[in-house]
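Student: Data: upload.cif, mmCIF, C-alpha atoms.
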data_run
loop_
_atom_site.label_atom_id
_atom_site.label_comp_id
_atom_site.auth_asym_id
_atom_site.auth_seq_id
_atom_site.Cartn_x
_atom_site.Cartn_y
_atom_site.Cartn_z
CA MET A 72 -55.95 -6.58 -93.17
CA THR A 73 -52.89 -7.39 -91.03
CA GLY A 74 -52.84 -7.95 -87.29
CA ALA A 75 -51.20 -4.53 -86.89
CA ASP A 76 -54.02 -2.91 -88.92
CA ILE A 77 -56.65 -4.61 -86.77
CA GLU A 78 -54.99 -3.53 -83.52
CA ALA A 79 -54.57 0.02 -84.85
CA ARG A 80 -58.29 0.11 -85.67
CA VAL A 81 -59.22 -1.12 -82.21
CA GLY A 82 -56.79 1.31 -80.57
CA ALA A 83 -58.26 4.25 -82.50
CA ASP A 84 -61.75 3.40 -81.30
CA ASP A 85 -61.00 2.55 -77.68
CA SER A 86 -63.92 4.51 -76.25
CA ALA A 87 -66.49 2.57 -78.28
CA VAL A 88 -64.89 -0.79 -77.46
CA VAL A 89 -64.65 0.05 -73.76
CA ALA A 90 -68.29 1.10 -73.69
CA ARG A 91 -69.33 -2.18 -75.29
CA LEU A 92 -67.21 -4.18 -72.82
CA ARG A 93 -68.77 -2.32 -69.89
CA ASP A 94 -72.21 -3.16 -71.29
CA GLY A 95 -71.32 -6.86 -71.31
CA ASP A 96 -71.22 -7.12 -75.12
CA GLU A 97 -69.90 -10.63 -75.76
CA ARG A 98 -69.05 -9.82 -79.39
CA ALA A 99 -66.82 -6.96 -78.22
CA PHE A 100 -65.01 -9.29 -75.87
CA GLU A 101 -64.49 -11.83 -78.67
CA GLU A 102 -63.06 -9.10 -80.92
CA VAL A 103 -60.65 -7.87 -78.26
CA VAL A 104 -59.55 -11.43 -77.47
CA ARG A 105 -58.84 -12.08 -81.14
CA ASP A 106 -57.01 -8.80 -81.69
CA PHE A 107 -54.95 -8.63 -78.47
CA TYR A 108 -54.17 -12.30 -77.87
CA PRO A 109 -50.87 -12.42 -79.88
CA SER A 110 -49.50 -9.46 -77.91
CA MET A 111 -50.69 -10.87 -74.61
CA ILE A 112 -49.17 -14.32 -75.11
CA ALA A 113 -45.90 -12.71 -76.24
CA VAL A 114 -45.66 -10.69 -73.03
CA ALA A 115 -46.59 -13.69 -70.88
CA ARG A 116 -43.97 -15.90 -72.58
CA GLY A 117 -41.31 -13.32 -71.77
CA TYR A 118 -41.68 -14.08 -68.07
CA THR A 119 -42.92 -17.66 -67.79
CA ARG A 120 -41.26 -21.04 -68.17
CA THR A 121 -43.70 -22.69 -70.54
CA ARG A 122 -46.46 -21.93 -73.03
CA ALA A 123 -48.95 -23.64 -70.73
CA VAL A 124 -48.14 -21.24 -67.90
CA ALA A 125 -48.30 -18.31 -70.32
CA ASP A 126 -51.79 -19.41 -71.36
CA GLU A 127 -52.83 -19.48 -67.69
CA VAL A 128 -51.45 -15.96 -67.23
CA VAL A 129 -53.42 -14.70 -70.23
CA GLN A 130 -56.62 -16.32 -68.97
CA GLU A 131 -56.14 -14.71 -65.56
CA ALA A 132 -55.45 -11.39 -67.29
CA TRP A 133 -58.75 -11.60 -69.19
CA LEU A 134 -60.57 -12.00 -65.87
CA GLY A 135 -58.69 -8.95 -64.60
CA VAL A 136 -59.70 -6.98 -67.69
CA LEU A 137 -63.38 -7.84 -67.29
CA LYS A 138 -63.37 -7.09 -63.56
CA GLY A 139 -61.41 -3.87 -63.96
CA ILE A 140 -62.84 -2.41 -67.16
CA ASP A 141 -64.95 0.08 -65.19
CA ARG A 142 -61.70 1.50 -63.76
CA PHE A 143 -60.10 2.03 -67.17
CA GLU A 144 -59.54 5.79 -67.41
CA GLY A 145 -58.10 6.05 -70.92
CA ARG A 146 -54.73 7.43 -69.81
CA SER A 147 -53.12 4.89 -72.15
CA SER A 148 -54.47 2.88 -75.04
CA LEU A 149 -56.70 -0.05 -74.20
CA ARG A 150 -54.07 -2.39 -75.58
CA THR A 151 -51.31 -0.93 -73.39
CA TRP A 152 -53.57 -1.19 -70.32
CA VAL A 153 -54.36 -4.84 -71.09
CA LEU A 154 -50.69 -5.70 -71.70
CA GLN A 155 -49.71 -4.07 -68.42
CA ILE A 156 -52.19 -6.33 -66.63
CA VAL A 157 -50.60 -9.33 -68.37
CA GLY A 158 -47.12 -8.16 -67.41
CA ASN A 159 -48.05 -7.66 -63.76
CA ILE A 160 -49.61 -11.11 -63.50
CA ALA A 161 -46.72 -12.74 -65.37
CA ARG A 162 -44.13 -11.13 -63.10
CA THR A 163 -46.03 -12.27 -60.01
CA ARG A 164 -46.22 -15.78 -61.44
CA ALA A 165 -42.49 -15.69 -62.19
CA VAL A 166 -41.69 -14.86 -58.58
CA ARG A 167 -43.88 -17.75 -57.48
CA GLU A 168 -41.94 -20.04 -59.81
CA ALA A 169 -38.58 -18.74 -58.53
CA ARG A 170 -37.86 -17.22 -61.90
CA SER A 171 -37.86 -13.61 -60.79
CA VAL A 172 -35.79 -11.88 -63.46
CA PRO A 173 -37.03 -8.33 -64.09
CA PHE A 174 -37.07 -7.42 -67.76
CA SER A 175 -35.00 -4.32 -67.03
CA SER A 176 -32.10 -6.59 -66.06
CA PHE A 177 -31.72 -7.44 -69.72
CA GLU A 178 -30.22 -3.99 -70.33
CA SER A 179 -26.83 -5.64 -69.87
CA ASP A 180 -27.54 -7.18 -73.27
CA VAL A 181 -26.26 -4.05 -74.99
CA GLY A 182 -22.75 -5.52 -75.09
CA GLU A 183 -23.89 -8.56 -77.04
CA PRO A 184 -23.01 -8.59 -80.76
CA ALA A 185 -25.99 -8.04 -83.04
CA VAL A 186 -24.41 -10.19 -85.77
CA GLU A 187 -22.29 -13.33 -85.39
CA PRO A 188 -18.55 -12.40 -85.03
CA ASP A 189 -17.56 -14.88 -87.77
CA ARG A 190 -19.30 -12.63 -90.29
CA PHE A 191 -16.28 -10.29 -89.93
CA ARG A 192 -12.55 -10.65 -90.74
CA GLY A 193 -10.26 -11.62 -87.88
CA ALA A 194 -7.45 -9.67 -86.21
CA ASP A 195 -4.80 -11.39 -88.36
CA ASP A 196 -6.54 -10.39 -91.60
CA PRO A 197 -5.21 -7.42 -93.65
CA TYR A 198 -8.63 -5.80 -93.14
CA PRO A 199 -9.63 -6.76 -89.56
CA GLY A 200 -13.19 -6.04 -88.59
CA HIS A 201 -14.45 -5.78 -92.17
CA TRP A 202 -17.27 -7.95 -93.52
CA ARG A 203 -16.25 -11.30 -94.99
CA SER A 204 -19.34 -11.04 -97.18
CA TYR A 205 -21.65 -8.06 -97.27
CA PRO A 206 -25.26 -8.45 -96.13
CA THR A 207 -27.83 -9.14 -98.77
CA ASP A 208 -30.00 -6.17 -99.70
CA TRP A 209 -33.58 -7.36 -99.27
CA ARG A 210 -34.69 -4.89 -101.95
CA THR A 211 -32.86 -6.94 -104.58
CA LEU A 212 -34.87 -10.07 -103.80
CA PRO A 213 -37.85 -10.91 -106.04
CA GLU A 214 -41.04 -9.95 -104.24
CA GLU A 215 -42.52 -13.41 -104.58
CA ARG A 216 -39.41 -14.84 -102.90
CA LEU A 217 -39.34 -12.29 -100.10
CA PHE A 218 -42.97 -12.92 -99.17
CA SER A 219 -43.08 -16.64 -99.87
CA GLY A 220 -44.32 -19.11 -97.32
CA GLU A 221 -40.81 -20.52 -97.09
CA THR A 222 -39.41 -17.12 -96.13
CA LEU A 223 -42.08 -16.58 -93.50
CA ASP A 224 -41.28 -19.99 -92.01
CA VAL A 225 -37.59 -19.04 -91.81
CA VAL A 226 -38.46 -15.75 -90.11
CA LYS A 227 -40.74 -17.46 -87.58
CA GLN A 228 -38.06 -19.99 -86.74
CA ALA A 229 -35.41 -17.28 -86.43
CA ILE A 230 -37.62 -15.33 -84.02
CA ALA A 231 -38.33 -18.47 -81.99
CA GLU A 232 -34.58 -19.00 -81.49
CA LEU A 233 -33.87 -15.46 -80.24
CA PRO A 234 -33.07 -14.74 -76.59
CA GLU A 235 -36.31 -14.18 -74.68
CA ASN A 236 -35.87 -10.42 -74.31
CA GLN A 237 -35.20 -9.89 -78.03
CA LYS A 238 -37.98 -12.28 -79.04
CA LEU A 239 -40.47 -10.43 -76.87
CA VAL A 240 -39.61 -7.00 -78.27
CA ILE A 241 -39.54 -8.01 -81.95
CA THR A 242 -42.80 -9.94 -81.54
CA LEU A 243 -44.54 -6.96 -80.00
CA ARG A 244 -43.13 -4.48 -82.53
CA ASP A 245 -43.01 -6.39 -85.82
CA VAL A 246 -45.52 -9.20 -85.42
CA THR A 247 -48.35 -7.66 -83.42
CA GLY A 248 -47.74 -4.04 -84.42
CA CYS A 249 -47.19 -2.39 -81.03
CA SER A 250 -45.61 1.04 -81.05
CA ALA A 251 -42.27 1.71 -79.36
CA ALA A 252 -44.09 3.64 -76.62
CA ASP A 253 -46.44 0.70 -76.02
CA VAL A 254 -43.50 -1.68 -75.66
CA CYS A 255 -41.68 0.61 -73.23
CA ASP A 256 -44.81 1.12 -71.12
CA THR A 257 -45.69 -2.57 -71.10
CA LEU A 258 -42.23 -3.92 -70.32
CA GLY A 259 -40.95 -1.05 -68.21
CA VAL A 260 -37.83 -0.52 -70.30
CA SER A 261 -36.19 2.66 -71.53
CA PRO A 262 -36.63 3.81 -75.15
CA GLU A 263 -32.90 3.29 -75.69
CA ASN A 264 -32.99 -0.31 -74.47
CA GLN A 265 -36.08 -1.01 -76.54
CA ARG A 266 -34.25 0.26 -79.65
CA VAL A 267 -31.15 -1.81 -78.88
CA LEU A 268 -33.13 -5.00 -78.33
CA LEU A 269 -35.17 -4.46 -81.48
CA HIS A 270 -32.07 -3.72 -83.55
CA ARG A 271 -30.30 -6.85 -82.35
CA ALA A 272 -33.37 -9.01 -82.91
CA ARG A 273 -33.89 -7.67 -86.44
CA ALA A 274 -30.20 -8.08 -87.22
CA ARG A 275 -30.23 -11.73 -86.16
CA VAL A 276 -33.37 -12.47 -88.17
CA ARG A 277 -31.90 -10.69 -91.19
CA ALA A 278 -28.65 -12.64 -90.86
CA THR A 279 -30.62 -15.91 -90.75
CA LEU A 280 -32.46 -14.95 -93.92
CA GLU A 281 -29.20 -14.06 -95.64
CA ARG A 282 -27.67 -17.41 -94.79
CA HIS A 283 -30.82 -19.15 -96.01
CA PHE A 284 -30.85 -17.35 -99.33
CA ASP A 285 -27.08 -17.46 -99.85
CA GLY A 286 -27.12 -21.19 -99.22
#
Could you express the structure from this file as structure tokens?

Tutor:
Amino acid sequence: MTGADIEARVGADDSAVVARLRDGDERAFEEVVRDFYPSMIAVARGYTRTRAVADEVVQEAWLGVLKGIDRFEGRSSLRTWVLQIVGNIARTRAVREARSVPFSSFESDVGEPAVEPDRFRGADDPYPGHWRSYPTDWRTLPEERLFSGETLDVVKQAIAELPENQKLVITLRDVTGCSAADVCDTLGVSPENQRVLLHRARARVRATLERHFDG
């Protein structure tokens, strides 16, 4: 079972999980910590300077969850509610650290190329703007190669090197399994900007894989 499957299972049974949390069920808390932690740390890292600070934000968020669980009304999924708590704390911490850059400010990123310009032919070429070499079709790769440990390592490294806004969106969508609506609600971005950021992040990761395999 993948992380996305686990989170989908928890999300589909929010009422039971919430009831257990309100009853002080330690096992329920452990399950939620395990299932939501990757999403929570990803959101915190999008606003904080270091992993250590992100960990502090997540710990503070857990306290907020436990103290506020009786006020959870089910208007959103439990996961979205928890991630919003993380985002609020992380933004407050960012202001305190003089790193107050609202995520919505990243919408200017839409003018950034999704793929490196040197992948295309120059203005002096007979076919300017065309691909120098066409992207590899992942479907042609042997399955054992596509899902090998080496490939996963390349993907992880490629994600780690993305701009913070793109890394946050692709981590929430493709690593932890959040829906587009969850990402928009958690980060306070428009559906269009979420799509643009995800497209650019996926394109960069795909380009890194192509270079790795072509090399």

Student: Report as a ChimeraX atom specification the residues that result from applying the PyMOL selection byres ((chain A and resi 118) around 8) to the structure here.

Tutor: /A:114-117,119-120,161-162,165,170,172

Student: Keeping only C-alpha atoms, write those residues as a PDB file, in the coordinates of the input.

Tutor:
ATOM      1  CA  VAL A 114     -45.660 -10.690 -73.030  1.00  0.00           C
ATOM      2  CA  ALA A 115     -46.590 -13.690 -70.880  1.00  0.00           C
ATOM      3  CA  ARG A 116     -43.970 -15.900 -72.580  1.00  0.00           C
ATOM      4  CA  GLY A 117     -41.310 -13.320 -71.770  1.00  0.00           C
ATOM      5  CA  THR A 119     -42.920 -17.660 -67.790  1.00  0.00           C
ATOM      6  CA  ARG A 120     -41.260 -21.040 -68.170  1.00  0.00           C
ATOM      7  CA  ALA A 161     -46.720 -12.740 -65.370  1.00  0.00           C
ATOM      8  CA  ARG A 162     -44.130 -11.130 -63.100  1.00  0.00           C
ATOM      9  CA  ALA A 165     -42.490 -15.690 -62.190  1.00  0.00           C
ATOM     10  CA  ARG A 170     -37.860 -17.220 -61.900  1.00  0.00           C
ATOM     11  CA  VAL A 172     -35.790 -11.880 -63.460  1.00  0.00           C
TER      12      VAL A 172
END

Student: Using all atoms listed in the file, which of the listed residues (A:Leu137, A:Leu92, A:Ala123, A:Val153) sits closest to Phe107 in chain A?

Tutor: A:Val153

Student: Would you please work out which residue, of A:Val104, A:Leu269, A:Val260, A:Cys255, is nearest to Val240 in chain A when using all atoms listed in the file?

Tutor: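 Checking each candidate against Val240 in chain A, we get A:Leu269 as the closest.
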
Student: Take CA of Val128 in chain A and CA of Ile156 in chain A and report the distance between them in Å, one decimal.

Tutor: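 Taking CA of Val128 in chain A as the start and CA of Ile156 in chain A as the end point, the length is 9.7 Å.
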
Student: Between CA of Leu149 in chain A and CA of Leu223 in chain A, measure the distance and give it in Å to one decimal.

Tutor: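 Those two atoms sit 29.3 Å apart.
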
Student: Could you give me, as a ChimeraX atom specification, the residues that sit within 10 Å of (-45.7, -11.5, -85.6) in the file's coordinates, counting only C-alpha atoms?

Tutor: /A:73-75,109-110,113,226-227,230,241-248

Student: Please determine, counting only C-alpha atoms, which residue among A:Thr257, A:Thr279, A:Ser86, A:Asn264 has the shortest atom-to-atom distance to Leu154 in chain A.

Tutor: A:Thr257

Student: Run the PyMOL selection byres ((chain A and resi 275) around 10) against the file shown and list the residues it catches, as an MDAnalysis selection string.

Tutor: chainID A and resid 184:187 226 229:230 232:233 237 269:274 276:281
